[in-house]
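This is target06.txt (compact mmCIF, C-alpha atoms).
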```
# COMPACT_ATOMS: atom_id res chain seq x y z
CA MET A 1 0.00 0.00 0.00
CA ARG A 2 1.01 3.62 -0.50
CA MET A 3 1.61 6.04 2.33
CA ALA A 4 -1.91 7.48 1.97
CA ASP A 5 -3.35 3.96 2.45
CA LEU A 6 -1.09 3.39 5.43
CA SER A 7 -2.43 6.61 6.91
CA ARG A 8 -6.03 5.51 6.37
CA ALA A 9 -5.39 2.03 7.81
CA THR A 10 -3.86 3.38 11.02
CA GLY A 11 -5.60 6.73 11.48
CA VAL A 12 -2.17 8.36 11.68
CA SER A 13 -1.60 11.40 9.46
CA VAL A 14 0.85 11.35 6.56
CA PRO A 15 3.09 14.04 8.15
CA MET A 16 3.23 11.94 11.33
CA ILE A 17 4.15 8.82 9.33
CA LYS A 18 6.94 10.80 7.65
CA TYR A 19 8.10 11.88 11.08
CA TYR A 20 8.15 8.25 12.27
CA LEU A 21 10.24 7.34 9.21
CA ARG A 22 12.71 10.17 9.86
CA GLU A 23 12.96 9.24 13.54
CA GLY A 24 13.65 5.60 12.76
CA LEU A 25 10.49 4.42 14.50
CA LEU A 26 9.20 2.94 11.25
CA PRO A 27 11.37 1.05 8.74
CA ALA A 28 11.49 2.47 5.22
CA GLY A 29 9.04 1.06 2.71
CA GLU A 30 10.02 -0.77 -0.43
CA ARG A 31 10.95 1.90 -2.96
CA THR A 32 8.94 1.61 -6.19
CA SER A 33 10.03 4.89 -7.80
CA PRO A 34 12.23 7.82 -6.71
CA ASN A 35 9.25 9.43 -5.00
CA GLN A 36 7.20 6.46 -3.93
CA ALA A 37 7.44 3.49 -1.63
CA ARG A 38 5.22 0.58 -0.85
CA TYR A 39 4.25 -0.35 2.71
CA GLY A 40 2.89 -3.58 4.11
CA GLU A 41 1.02 -5.03 7.08
CA GLY A 42 4.25 -4.91 9.09
CA HIS A 43 4.16 -1.13 8.81
CA VAL A 44 0.55 -1.00 9.97
CA ARG A 45 1.42 -3.06 13.04
CA ARG A 46 4.54 -1.07 13.80
CA ILE A 47 2.59 2.21 13.75
CA ARG A 48 -0.05 0.75 16.07
CA LEU A 49 2.69 -0.48 18.38
CA VAL A 50 4.42 2.91 18.50
CA ARG A 51 1.10 4.65 19.19
CA ALA A 52 0.16 2.24 21.96
CA LEU A 53 3.54 2.59 23.69
CA ALA A 54 3.38 6.39 23.45
CA ASP A 55 -0.28 6.77 24.46
CA TYR A 56 -0.44 4.16 27.23
CA GLY A 57 3.15 3.95 28.40
CA GLY A 58 3.91 7.64 28.11
CA LEU A 59 7.18 6.62 26.43
CA SER A 60 9.14 9.19 24.44
CA ASN A 61 9.98 8.52 20.80
CA ALA A 62 13.64 8.15 21.77
CA THR A 63 12.77 5.51 24.38
CA ILE A 64 10.54 3.63 21.94
CA ARG A 65 13.22 3.65 19.25
CA GLU A 66 15.88 2.41 21.66
CA LEU A 67 13.54 -0.26 22.97
CA LEU A 68 12.61 -1.55 19.51
CA GLU A 69 16.27 -1.58 18.46
CA ARG A 70 17.47 -3.45 21.51
CA LEU A 71 14.65 -5.97 21.35
CA GLY A 72 15.45 -6.62 17.70
CA GLU A 73 19.02 -7.62 18.48
CA PRO A 74 19.45 -11.34 17.87
CA GLY A 75 20.76 -13.86 20.33
CA ALA A 76 19.48 -12.77 23.69
CA GLY A 77 17.18 -15.17 25.54
CA LEU A 78 13.68 -14.26 26.59
CA HIS A 79 14.61 -13.56 30.21
CA LYS A 80 17.32 -11.17 29.05
CA ARG A 81 14.90 -9.42 26.70
CA LEU A 82 12.35 -9.08 29.47
CA GLY A 83 15.07 -7.38 31.50
CA LEU A 84 15.86 -5.01 28.63
CA ALA A 85 12.20 -4.13 28.25
CA HIS A 86 11.93 -3.47 31.98
CA GLN A 87 14.96 -1.24 31.99
CA ALA A 88 13.50 0.82 29.17
CA VAL A 89 10.06 1.29 30.68
CA MET A 90 10.99 1.53 34.38
CA PRO A 91 11.41 5.09 35.61
CA ARG A 92 14.85 5.47 37.15
CA HIS A 93 15.16 6.62 40.73
CA GLU A 94 18.44 7.39 42.41
CA PRO A 95 18.98 5.23 45.49
CA GLY A 96 18.96 7.31 48.66
CA GLU A 97 21.29 7.01 51.61
CA GLY A 98 21.25 7.20 55.36
CA GLU A 99 19.67 5.11 58.07
CA ARG A 100 16.06 5.70 57.07
CA TRP A 101 16.77 4.73 53.46
CA GLU A 102 18.50 1.56 54.64
CA GLU A 103 15.50 0.73 56.79
CA ALA A 104 13.21 1.09 53.77
CA ALA A 105 15.56 -1.13 51.72
CA ARG A 106 15.48 -3.80 54.45
CA ARG A 107 11.69 -3.65 54.54
CA ALA A 108 11.51 -4.05 50.76
CA GLN A 109 13.87 -7.02 50.80
CA GLU A 110 12.01 -8.73 53.63
CA LEU A 111 8.75 -8.30 51.71
CA ILE A 112 10.17 -9.87 48.55
CA ALA A 113 11.86 -12.65 50.51
CA ARG A 114 8.56 -13.49 52.25
CA HIS A 115 7.05 -14.14 48.83
CA GLY A 116 9.93 -16.40 47.88
CA TRP A 117 11.04 -14.28 44.93
CA GLU A 118 14.58 -14.01 43.71
CA TYR A 119 15.66 -10.41 43.38
CA ASP A 120 18.60 -8.16 42.69
CA PRO A 121 18.65 -5.54 45.48
CA ASP A 122 20.23 -2.99 43.12
CA SER A 123 17.74 -3.41 40.27
CA PRO A 124 15.71 -0.33 39.29
CA ALA A 125 12.54 -2.12 40.42
CA MET A 126 13.90 -2.79 43.93
CA VAL A 127 15.19 0.79 44.18
CA ALA A 128 11.70 1.98 43.22
CA VAL A 129 10.03 -0.27 45.84
CA THR A 130 12.48 1.06 48.43
CA GLY A 131 11.86 4.65 47.34
CA VAL A 132 8.10 4.27 47.73
CA LEU A 133 8.48 2.77 51.24
CA PHE A 134 10.97 5.48 52.16
CA ASN A 135 8.58 8.24 51.07
CA LEU A 136 5.60 6.66 52.83
CA ALA A 137 7.63 6.59 56.06
CA GLU A 138 8.86 10.16 55.60
CA LEU A 139 5.27 11.33 55.11
CA GLY A 140 4.11 9.38 58.14
CA TYR A 141 1.97 6.81 56.28
CA GLN A 142 3.43 3.71 57.92
CA GLY A 143 -0.10 2.27 57.99
CA THR A 144 0.54 1.08 54.44
CA PHE A 145 3.28 -1.22 55.73
CA ASP A 146 0.70 -3.49 57.36
CA ARG A 147 -0.74 -4.21 53.92
CA LEU A 148 2.37 -4.63 51.79
CA ASP A 149 1.76 -8.35 51.41
CA ALA A 150 -1.54 -7.63 49.68
CA TYR A 151 0.30 -5.48 47.13
CA ALA A 152 2.95 -8.16 46.62
CA GLU A 153 0.29 -10.84 46.26
CA ALA A 154 -1.47 -8.73 43.65
CA ALA A 155 1.83 -8.16 41.82
CA GLY A 156 2.47 -11.90 41.85
CA LEU A 157 -0.98 -12.55 40.35
CA THR A 158 -0.43 -10.11 37.49
CA ALA A 159 3.13 -11.32 36.86
CA GLU A 160 1.97 -14.94 36.57
CA ALA A 161 -0.80 -13.84 34.20
CA ASP A 162 1.79 -11.88 32.18
CA LEU A 163 4.06 -14.88 31.88
CA ASP A 164 1.18 -17.26 31.14
CA THR A 165 0.17 -15.03 28.24
CA LEU A 166 3.75 -14.76 27.06
CA ALA A 167 4.28 -18.51 27.19
CA ALA A 168 1.12 -19.05 25.13
CA GLU A 169 2.41 -16.85 22.30
CA SER A 170 4.04 -18.73 19.49
CA GLY A 171 7.13 -17.53 17.72
CA LEU A 172 10.06 -15.66 19.18
CA GLU A 173 9.31 -12.40 17.40
CA ARG A 174 5.83 -12.14 18.83
CA MET A 175 6.99 -13.22 22.30
CA VAL A 176 9.64 -10.53 22.30
CA GLU A 177 7.19 -7.89 21.18
CA TYR A 178 4.70 -9.03 23.80
CA VAL A 179 7.30 -8.47 26.49
CA VAL A 180 7.12 -4.79 25.65
CA VAL A 181 3.41 -4.61 24.87
CA GLY A 182 2.45 -6.63 27.92
CA THR A 183 4.64 -4.59 30.21
CA VAL A 184 3.45 -1.20 29.01
CA LEU A 185 -0.21 -1.94 28.31
CA GLY A 186 -0.28 -4.23 31.35
CA ASP A 187 0.84 -1.38 33.62
CA ALA A 188 -1.88 0.83 32.15
CA LEU A 189 -4.44 -1.95 32.62
CA VAL A 190 -3.44 -2.63 36.23
CA THR A 191 -3.51 1.07 37.08
CA ALA A 192 -6.86 1.69 35.40
CA LEU A 193 -8.47 -1.41 36.96
CA ARG A 194 -7.17 -0.32 40.36
CA ARG A 195 -8.95 3.02 39.86
CA VAL A 196 -12.21 1.30 38.98
CA ALA A 197 -11.86 -1.01 42.00
CA GLN A 198 -10.94 1.88 44.31
CA SER A 199 -13.89 3.88 43.12
CA ASN A 200 -16.19 0.94 43.76
CA ALA A 201 -14.71 0.25 47.21
CA SER A 202 -14.77 3.93 48.09
CA ALA A 203 -18.41 4.32 47.10
CA ARG A 204 -19.27 1.29 49.22
CA ARG A 205 -17.38 2.52 52.28
CA PHE A 206 -17.56 6.30 52.08
CA GLY A 207 -20.23 6.98 49.51
CA GLY A 208 -22.85 7.86 52.09
CA GLY A 209 -21.32 11.29 52.45
CA THR A 210 -19.75 10.66 55.85
CA GLU A 211 -16.32 12.16 56.28
CA GLY A 212 -15.22 9.65 58.87
CA GLY A 213 -13.48 6.33 58.43
CA GLU A 214 -15.54 3.78 60.25
CA GLY A 215 -15.90 1.50 57.27
CA GLY A 216 -12.77 -0.56 57.81
CA GLU A 217 -14.59 -3.85 57.77
CA GLU A 218 -13.72 -6.17 54.93
CA ALA A 219 -16.44 -6.39 52.36
CA GLY A 220 -16.20 -9.09 49.78
CA GLY A 221 -17.57 -7.29 46.74
CA GLY A 222 -14.21 -6.40 45.27
CA ARG A 223 -12.76 -9.87 45.49
CA GLY A 224 -15.12 -11.37 42.91
CA MET B 1 13.12 27.51 60.95
CA ARG B 2 14.64 29.67 58.25
CA MET B 3 14.73 28.78 54.59
CA ALA B 4 18.29 27.43 54.89
CA ASP B 5 17.10 25.05 57.64
CA LEU B 6 14.11 24.03 55.55
CA SER B 7 16.54 23.23 52.74
CA ARG B 8 18.70 21.10 55.05
CA ALA B 9 15.70 19.28 56.53
CA THR B 10 14.33 18.30 53.12
CA GLY B 11 17.43 18.03 50.96
CA VAL B 12 15.81 20.46 48.53
CA SER B 13 17.93 23.45 47.43
CA VAL B 14 17.04 27.03 48.41
CA PRO B 15 16.47 28.08 44.77
CA MET B 16 14.08 25.14 44.36
CA ILE B 17 12.21 26.10 47.54
CA LYS B 18 11.88 29.66 46.20
CA TYR B 19 10.56 28.19 42.99
CA TYR B 20 7.98 26.14 44.91
CA LEU B 21 6.89 29.31 46.75
CA ARG B 22 6.54 31.25 43.48
CA GLU B 23 4.61 28.39 41.87
CA GLY B 24 2.18 28.16 44.77
CA LEU B 25 3.24 24.62 45.63
CA LEU B 26 4.39 25.74 49.07
CA PRO B 27 2.48 28.21 51.24
CA ALA B 28 4.39 31.34 52.28
CA GLY B 29 6.20 31.26 55.61
CA GLU B 30 5.40 33.52 58.53
CA ARG B 31 7.11 36.81 57.78
CA THR B 32 9.51 37.89 60.56
CA SER B 33 11.18 40.80 58.76
CA PRO B 34 10.93 42.30 55.26
CA ASN B 35 13.54 39.80 54.03
CA GLN B 36 12.92 36.80 56.21
CA ALA B 37 10.23 34.29 56.93
CA ARG B 38 9.87 31.41 59.33
CA TYR B 39 8.87 27.93 58.20
CA GLY B 40 7.48 25.03 60.17
CA GLU B 41 7.04 21.28 60.05
CA GLY B 42 4.07 21.77 57.73
CA HIS B 43 6.45 23.18 55.15
CA VAL B 44 8.83 20.23 55.53
CA ARG B 45 5.98 17.80 54.93
CA ARG B 46 4.59 19.77 52.01
CA ILE B 47 7.98 19.75 50.27
CA ARG B 48 8.31 15.99 50.79
CA LEU B 49 4.81 15.52 49.43
CA VAL B 50 5.50 17.60 46.32
CA ARG B 51 8.76 15.71 45.69
CA ALA B 52 7.14 12.32 46.12
CA LEU B 53 4.29 13.18 43.73
CA ALA B 54 6.74 14.53 41.14
CA ASP B 55 9.34 11.75 41.45
CA TYR B 56 7.03 8.75 41.75
CA GLY B 57 3.87 9.95 40.05
CA GLY B 58 5.60 11.86 37.26
CA LEU B 59 3.12 14.66 37.94
CA SER B 60 3.82 18.15 36.61
CA ASN B 61 3.99 21.09 39.00
CA ALA B 62 0.76 22.41 37.51
CA THR B 63 -1.00 19.11 38.17
CA ILE B 64 0.33 18.94 41.73
CA ARG B 65 -0.77 22.51 42.46
CA GLU B 66 -4.24 21.89 41.05
CA LEU B 67 -4.51 18.65 42.99
CA LEU B 68 -3.49 20.21 46.31
CA GLU B 69 -5.85 23.12 45.76
CA ARG B 70 -8.82 20.96 44.91
CA LEU B 71 -8.21 18.58 47.76
CA GLY B 72 -8.00 21.50 50.18
CA GLU B 73 -11.47 22.70 49.29
CA PRO B 74 -13.80 22.17 52.22
CA GLY B 75 -17.06 20.32 52.16
CA ALA B 76 -16.57 17.45 49.78
CA GLY B 77 -16.90 13.92 51.17
CA LEU B 78 -14.10 11.39 51.00
CA HIS B 79 -15.56 9.52 48.04
CA LYS B 80 -15.78 12.79 46.10
CA ARG B 81 -12.19 13.65 47.01
CA LEU B 82 -10.99 10.24 45.92
CA GLY B 83 -12.64 10.95 42.59
CA LEU B 84 -10.89 14.32 42.33
CA ALA B 85 -7.54 12.73 43.11
CA HIS B 86 -8.16 10.06 40.47
CA GLN B 87 -9.08 12.60 37.85
CA ALA B 88 -5.86 14.50 38.50
CA VAL B 89 -3.53 11.50 38.38
CA MET B 90 -5.28 9.46 35.69
CA PRO B 91 -3.87 10.00 32.21
CA ARG B 92 -6.66 11.06 29.86
CA HIS B 93 -7.38 9.03 26.79
CA GLU B 94 -9.89 10.00 24.16
CA PRO B 95 -12.58 7.35 23.72
CA GLY B 96 -12.36 5.72 20.30
CA GLU B 97 -15.19 4.84 18.01
CA GLY B 98 -16.26 2.15 15.62
CA GLU B 99 -17.23 -1.47 16.02
CA ARG B 100 -13.89 -2.70 17.35
CA TRP B 101 -13.83 0.02 20.01
CA GLU B 102 -17.37 -0.87 21.07
CA GLU B 103 -16.36 -4.50 21.33
CA ALA B 104 -13.47 -3.55 23.64
CA ALA B 105 -15.85 -1.40 25.72
CA ARG B 106 -18.25 -4.33 26.07
CA ARG B 107 -15.41 -6.61 27.12
CA ALA B 108 -14.27 -4.08 29.75
CA GLN B 109 -17.80 -3.72 31.12
CA GLU B 110 -18.34 -7.47 31.27
CA LEU B 111 -15.07 -7.86 33.17
CA ILE B 112 -16.01 -5.25 35.75
CA ALA B 113 -19.54 -6.61 36.07
CA ARG B 114 -18.17 -10.13 36.70
CA HIS B 115 -16.32 -8.74 39.72
CA GLY B 116 -19.47 -7.10 41.00
CA TRP B 117 -18.08 -3.59 40.89
CA GLU B 118 -20.14 -0.50 40.28
CA TYR B 119 -18.70 1.61 37.50
CA ASP B 120 -19.29 4.63 35.32
CA PRO B 121 -18.70 3.51 31.71
CA ASP B 122 -17.59 7.04 30.75
CA SER B 123 -15.07 7.49 33.58
CA PRO B 124 -11.43 8.04 32.54
CA ALA B 125 -10.53 4.73 34.20
CA MET B 126 -13.07 2.75 32.17
CA VAL B 127 -11.99 4.54 28.97
CA ALA B 128 -8.40 3.57 29.81
CA VAL B 129 -9.34 -0.09 30.42
CA THR B 130 -11.21 -0.07 27.10
CA GLY B 131 -8.27 1.57 25.33
CA VAL B 132 -5.85 -1.09 26.58
CA LEU B 133 -8.15 -3.91 25.46
CA PHE B 134 -8.68 -2.19 22.11
CA ASN B 135 -4.93 -1.89 21.52
CA LEU B 136 -4.24 -5.48 22.58
CA ALA B 137 -6.81 -6.66 20.04
CA GLU B 138 -5.47 -4.39 17.30
CA LEU B 139 -1.96 -5.75 17.91
CA GLY B 140 -3.24 -9.32 17.89
CA TYR B 141 -2.58 -10.11 21.57
CA GLN B 142 -6.02 -11.48 22.38
CA GLY B 143 -4.29 -14.10 24.55
CA THR B 144 -4.33 -11.53 27.35
CA PHE B 145 -8.14 -11.64 27.34
CA ASP B 146 -8.08 -15.13 28.85
CA ARG B 147 -6.36 -13.72 31.94
CA LEU B 148 -8.21 -10.47 32.50
CA ASP B 149 -9.86 -11.81 35.65
CA ALA B 150 -6.42 -12.26 37.24
CA TYR B 151 -5.68 -8.58 36.60
CA ALA B 152 -9.05 -7.55 38.01
CA GLU B 153 -8.57 -9.78 41.05
CA ALA B 154 -5.17 -8.18 41.65
CA ALA B 155 -6.67 -4.70 41.25
CA GLY B 156 -9.37 -5.61 43.77
CA LEU B 157 -6.74 -6.77 46.27
CA THR B 158 -4.78 -3.53 46.03
CA ALA B 159 -7.91 -1.38 46.13
CA GLU B 160 -9.10 -3.09 49.32
CA ALA B 161 -5.62 -2.60 50.85
CA ASP B 162 -5.74 1.07 49.79
CA LEU B 163 -9.10 1.61 51.42
CA ASP B 164 -8.14 -0.37 54.55
CA THR B 165 -5.14 1.90 54.99
CA LEU B 166 -7.23 4.98 54.33
CA ALA B 167 -9.88 3.93 56.82
CA ALA B 168 -7.21 3.39 59.49
CA GLU B 169 -5.94 6.96 59.15
CA SER B 170 -7.35 9.37 61.69
CA GLY B 171 -8.33 12.91 60.88
CA LEU B 172 -9.87 14.21 57.69
CA GLU B 173 -6.80 16.16 56.58
CA ARG B 174 -4.54 13.12 56.67
CA MET B 175 -7.15 10.92 55.02
CA VAL B 176 -7.52 13.39 52.18
CA GLU B 177 -3.77 13.63 51.72
CA TYR B 178 -3.48 9.87 51.79
CA VAL B 179 -5.94 9.62 48.94
CA VAL B 180 -3.35 11.37 46.79
CA VAL B 181 -0.25 9.81 48.33
CA GLY B 182 -1.71 6.32 48.31
CA THR B 183 -2.88 6.64 44.73
CA VAL B 184 0.40 7.96 43.35
CA LEU B 185 2.89 6.05 45.50
CA GLY B 186 0.60 3.01 45.38
CA ASP B 187 0.72 2.99 41.57
CA ALA B 188 4.51 3.19 41.71
CA LEU B 189 4.60 0.40 44.28
CA VAL B 190 2.29 -1.88 42.30
CA THR B 191 4.27 -1.28 39.09
CA ALA B 192 7.65 -1.84 40.74
CA LEU B 193 6.51 -4.98 42.58
CA ARG B 194 5.08 -6.31 39.32
CA ARG B 195 8.54 -5.86 37.76
CA VAL B 196 10.21 -7.75 40.60
CA ALA B 197 7.61 -10.51 40.37
CA GLN B 198 7.89 -10.68 36.57
CA SER B 199 11.64 -10.88 36.75
CA ASN B 200 11.40 -13.72 39.27
CA ALA B 201 8.78 -15.57 37.23
CA SER B 202 10.71 -15.00 34.03
CA ALA B 203 13.97 -16.31 35.51
CA ARG B 204 12.12 -19.39 36.72
CA ARG B 205 10.46 -20.07 33.38
CA PHE B 206 12.89 -18.77 30.78
CA GLY B 207 16.12 -18.22 32.68
CA GLY B 208 17.69 -21.41 31.38
CA GLY B 209 18.46 -19.66 28.12
CA THR B 210 15.78 -21.43 26.11
CA GLU B 211 13.96 -19.22 23.67
CA GLY B 212 10.82 -21.32 23.63
CA GLY B 213 7.75 -21.00 25.74
CA GLU B 214 7.02 -24.40 27.21
CA GLY B 215 6.87 -23.17 30.77
CA GLY B 216 3.19 -22.42 30.90
CA GLU B 217 2.62 -24.53 33.97
CA GLU B 218 1.62 -22.70 37.09
CA ALA B 219 4.38 -22.52 39.65
CA GLY B 220 3.47 -21.43 43.11
CA GLY B 221 6.54 -19.40 44.01
CA GLY B 222 5.02 -16.05 43.17
CA ARG B 223 1.86 -16.59 45.15
CA GLY B 224 3.63 -16.98 48.51
```
Just give me the structure of the file as structure tokens.
Amino acid sequence: MRMADLSRATGVSVPMIKYYLREGLLPAGERTSPNQARYGEGHVRRIRLVRALADYGGLSNATIRELLERLGEPGAGLHKRLGLAHQAVMPRHEPGEGERWEEAARRAQELIARHGWEYDPDSPAMVAVTGVLFNLAELGYQGTFDRLDAYAEAAGLTAEADLDTLAAESGLERMVEYVVVGTVLGDALVTALRRVAQSNASARRFGGGTEGGEGGEEAGGGRG
Amino acid sequence: MRMADLSRATGVSVPMIKYYLREGLLPAGERTSPNQARYGEGHVRRIRLVRALADYGGLSNATIRELLERLGEPGAGLHKRLGLAHQAVMPRHEPGEGERWEEAARRAQELIARHGWEYDPDSPAMVAVTGVLFNLAELGYQGTFDRLDAYAEAAGLTAEADLDTLAAESGLERMVEYVVVGTVLGDALVTALRRVAQSNASARRFGGGTEGGEGGEEAGGGRG
């Protein structure tokens, strides 16, 4: 198909497609004349992929390009590629220092160890867990610490679902792409579902217009 | 304390504190002379709060200011305030159109209904759920649809933990602040824990260097 058809098929404007080509987000089409190229279904998919990563992952074009390049490199195993995808889509936080930071790091490690997970204490994900616990403590919201296992259990559920889906994909190329898609769209899904569930739980507990917090009793509605 | 002490207590530079004051992110101190003001513990906390929301929620200063202003408005009940906080920290996606979008919307609504949650089909969260499902289908990753209930179950777990923590807080002001803190830091926590859990599950299933995907069997390690 020509560029105009590619635009129609994806809903992305011709100038934007030209921008993707210039930025290396989209491979060049097959040249049919000095001024024309032909595009295929692979181009349609790539544009949808770039849009989804930008819209739902908030990833910059530079990050998307780097991610697609690194994932396309041959030879790395799936676990390695999953790591690369994580590195690209995980916001980086500088580790803190001092006694209170160390306490948060210990708490994070104990949490992960309780769930029997292997972990690298210096990975961006562990630094992020530590940073969240550190900030909660600094702001005086230690109450969250009593419920960390619920968060870890929920994370375990989604991670197993992620890997189940990945394992059911056939073909390395699709599995590799799903690492990225599943991570980015999965984050967006988890976050959005948490909002829906919070809103439901909040309406049930606080919806009556009371400002107080008596409704601490466990109600089963959200556990389906 | 003076501004220099406030800077030491928070680790935030004096020019940055002045910037926060100009931007309305930090209330003015108590003026003690034409060139000096005194700051209190409330200022220390507010700076920590602004930093946490920016670093872990990726929120812009404008969003943080709007959020703090709206949450400070008297009169609204907790459920309403939770909604305001959600609106501020939920990325906006335009609803799509067409048959395939409607199919994704139906799938999202059926999922939520299966878990017995009340929902507003036009809320930003439901539009986001629909958008994720739409994109997964467009990219050909319908395999995820078989595991949507695991994601919803996980979201329910975290939402109940969120509300449990909220209900255990005492005092309206802290509860209102926790709505924001718990939403933003909670998202970061859920995302980071999911990465740790994925990495663990991936190492277990694919770490042996095989490129294939035979490891679909459920292993219990992540469910600790």
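Using only C-alpha atoms, the shortest contact distance between Ala37 (chain B) and any of B:Lys18, B:Arg65, B:Arg194, B:Arg205 is found at B:Lys18.
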For this session: Pick out the residues sitting within 9 Å of Val129 (chain B), and hand them over as an MDAnalysis selection string; count all atoms listed in the file, and ignore anything fewer than 6 positions along from it in its own chain.
Result: (chainID A and resid 188:193) or (chainID B and resid 104:105 108)
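Taking all atoms listed in the file into account, Ser123 (chain A) lies nearest to A:Gly83 out of the set A:Thr158, A:Leu68, A:Gly83, A:Glu102.
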For this session: Tell me, in Å to one decimal, how far CA of Phe206 (chain B) is from CA of Leu78 (chain A).
Result: 6.2 Å
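Nearest to chain A of all the residues B:Arg204, B:Arg106, B:His79, B:Arg2 is B:His79, counting only C-alpha atoms.
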Set up a box along x, y and z of the file covering all listed atoms of region 160-170 of chain B, add 8 Å on every one of the six sides, and write the centre and edge lengths in Å to one decimal, as JSON.
```
{"center_x": -7.5, "center_y": 3.1, "center_z": 55.5, "size_x": 20.7, "size_y": 28.5, "size_z": 28.4}
```
For this session: Excluding Gly11 (chain A) and any residue of its chain fewer than 6 positions from it, enumerate the residues within 12 Å of it, using only C-alpha atoms, and give them as a list in words.
Result: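 Non-adjacent residues within range: Met3, Ala4, Asp5, Ile17, Val44, Ile47, Arg48 and Arg51 of chain A; Gly96 and Glu97 of chain B.
When only C-alpha atoms are used to compute distances to Thr165 (chain B), the closest of the residues B:Val181, B:Leu25, B:Ala150, B:Leu133 turns out to be B:Val181.
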Exercise. Within 12 Å of (8.1, 8.0, 26.4), in the coordinates the file gives, what residues turn up when you count all atoms listed in the file, written out as a list in words?
Worked result: Val50, Arg51, Ala52, Leu53, Ala54, Asp55, Tyr56, Gly57, Gly58, Leu59, Ser60, Asn61, Ala62, Thr63, Ile64, Arg65, Glu66, Leu67, Ala88, Val89, Met90, Pro91 and Val184 of chain A; Gly58 of chain B
Exercise. How many Å lie between CA of Ala159 (chain A) and CA of Ala128 (chain B), rounded to one decimal?
Worked result: 20.1 Å
Exercise. What is the CA of Arg8 (chain A)-CA of Arg174 (chain A) distance in Å, reported with one decimal?
Worked result: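 According to the coordinates, CA of Arg8 (chain A) and CA of Arg174 (chain A) are separated by 24.6 Å.
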Where atoms are lacking, region 55-66 of chain A completed to N, CA, C and O atoms, as a tab-separated table (two decimals), keeping the file's coordinate frame:
```tsv
chain	number	residue	atom	x	y	z
A	55	ASP	N	0.97	6.33	23.81
A	55	ASP	CA	-0.28	6.77	24.46
A	55	ASP	C	-0.46	6.15	25.84
A	55	ASP	O	-0.90	6.81	26.77
A	56	TYR	N	-0.14	4.86	25.97
A	56	TYR	CA	-0.44	4.16	27.23
A	56	TYR	C	0.76	3.99	28.14
A	56	TYR	O	0.61	3.79	29.33
A	57	GLY	N	1.97	4.05	27.56
A	57	GLY	CA	3.15	3.95	28.40
A	57	GLY	C	3.79	5.29	28.67
A	57	GLY	O	4.69	5.41	29.48
A	58	GLY	N	3.31	6.32	27.96
A	58	GLY	CA	3.91	7.64	28.11
A	58	GLY	C	5.38	7.64	27.68
A	58	GLY	O	6.15	8.49	28.13
A	59	LEU	N	5.77	6.70	26.83
A	59	LEU	CA	7.18	6.62	26.43
A	59	LEU	C	7.49	7.66	25.36
A	59	LEU	O	6.69	7.93	24.48
A	60	SER	N	8.68	8.22	25.45
A	60	SER	CA	9.14	9.19	24.44
A	60	SER	C	9.51	8.42	23.18
A	60	SER	O	9.77	7.21	23.21
A	61	ASN	N	9.57	9.16	22.06
A	61	ASN	CA	9.98	8.52	20.80
A	61	ASN	C	11.37	7.93	20.92
A	61	ASN	O	11.65	6.86	20.39
A	62	ALA	N	12.27	8.64	21.62
A	62	ALA	CA	13.64	8.15	21.77
A	62	ALA	C	13.64	6.82	22.52
A	62	ALA	O	14.34	5.88	22.15
A	63	THR	N	12.84	6.74	23.59
A	63	THR	CA	12.77	5.51	24.38
A	63	THR	C	12.20	4.37	23.53
A	63	THR	O	12.71	3.25	23.57
A	64	ILE	N	11.15	4.67	22.77
A	64	ILE	CA	10.54	3.63	21.94
A	64	ILE	C	11.53	3.13	20.90
A	64	ILE	O	11.68	1.92	20.69
A	65	ARG	N	12.26	4.07	20.27
A	65	ARG	CA	13.22	3.65	19.25
A	65	ARG	C	14.30	2.75	19.85
A	65	ARG	O	14.62	1.69	19.32
A	66	GLU	N	14.83	3.18	21.00
A	66	GLU	CA	15.88	2.41	21.66
A	66	GLU	C	15.37	1.01	22.03
A	66	GLU	O	16.04	0.00	21.82
```
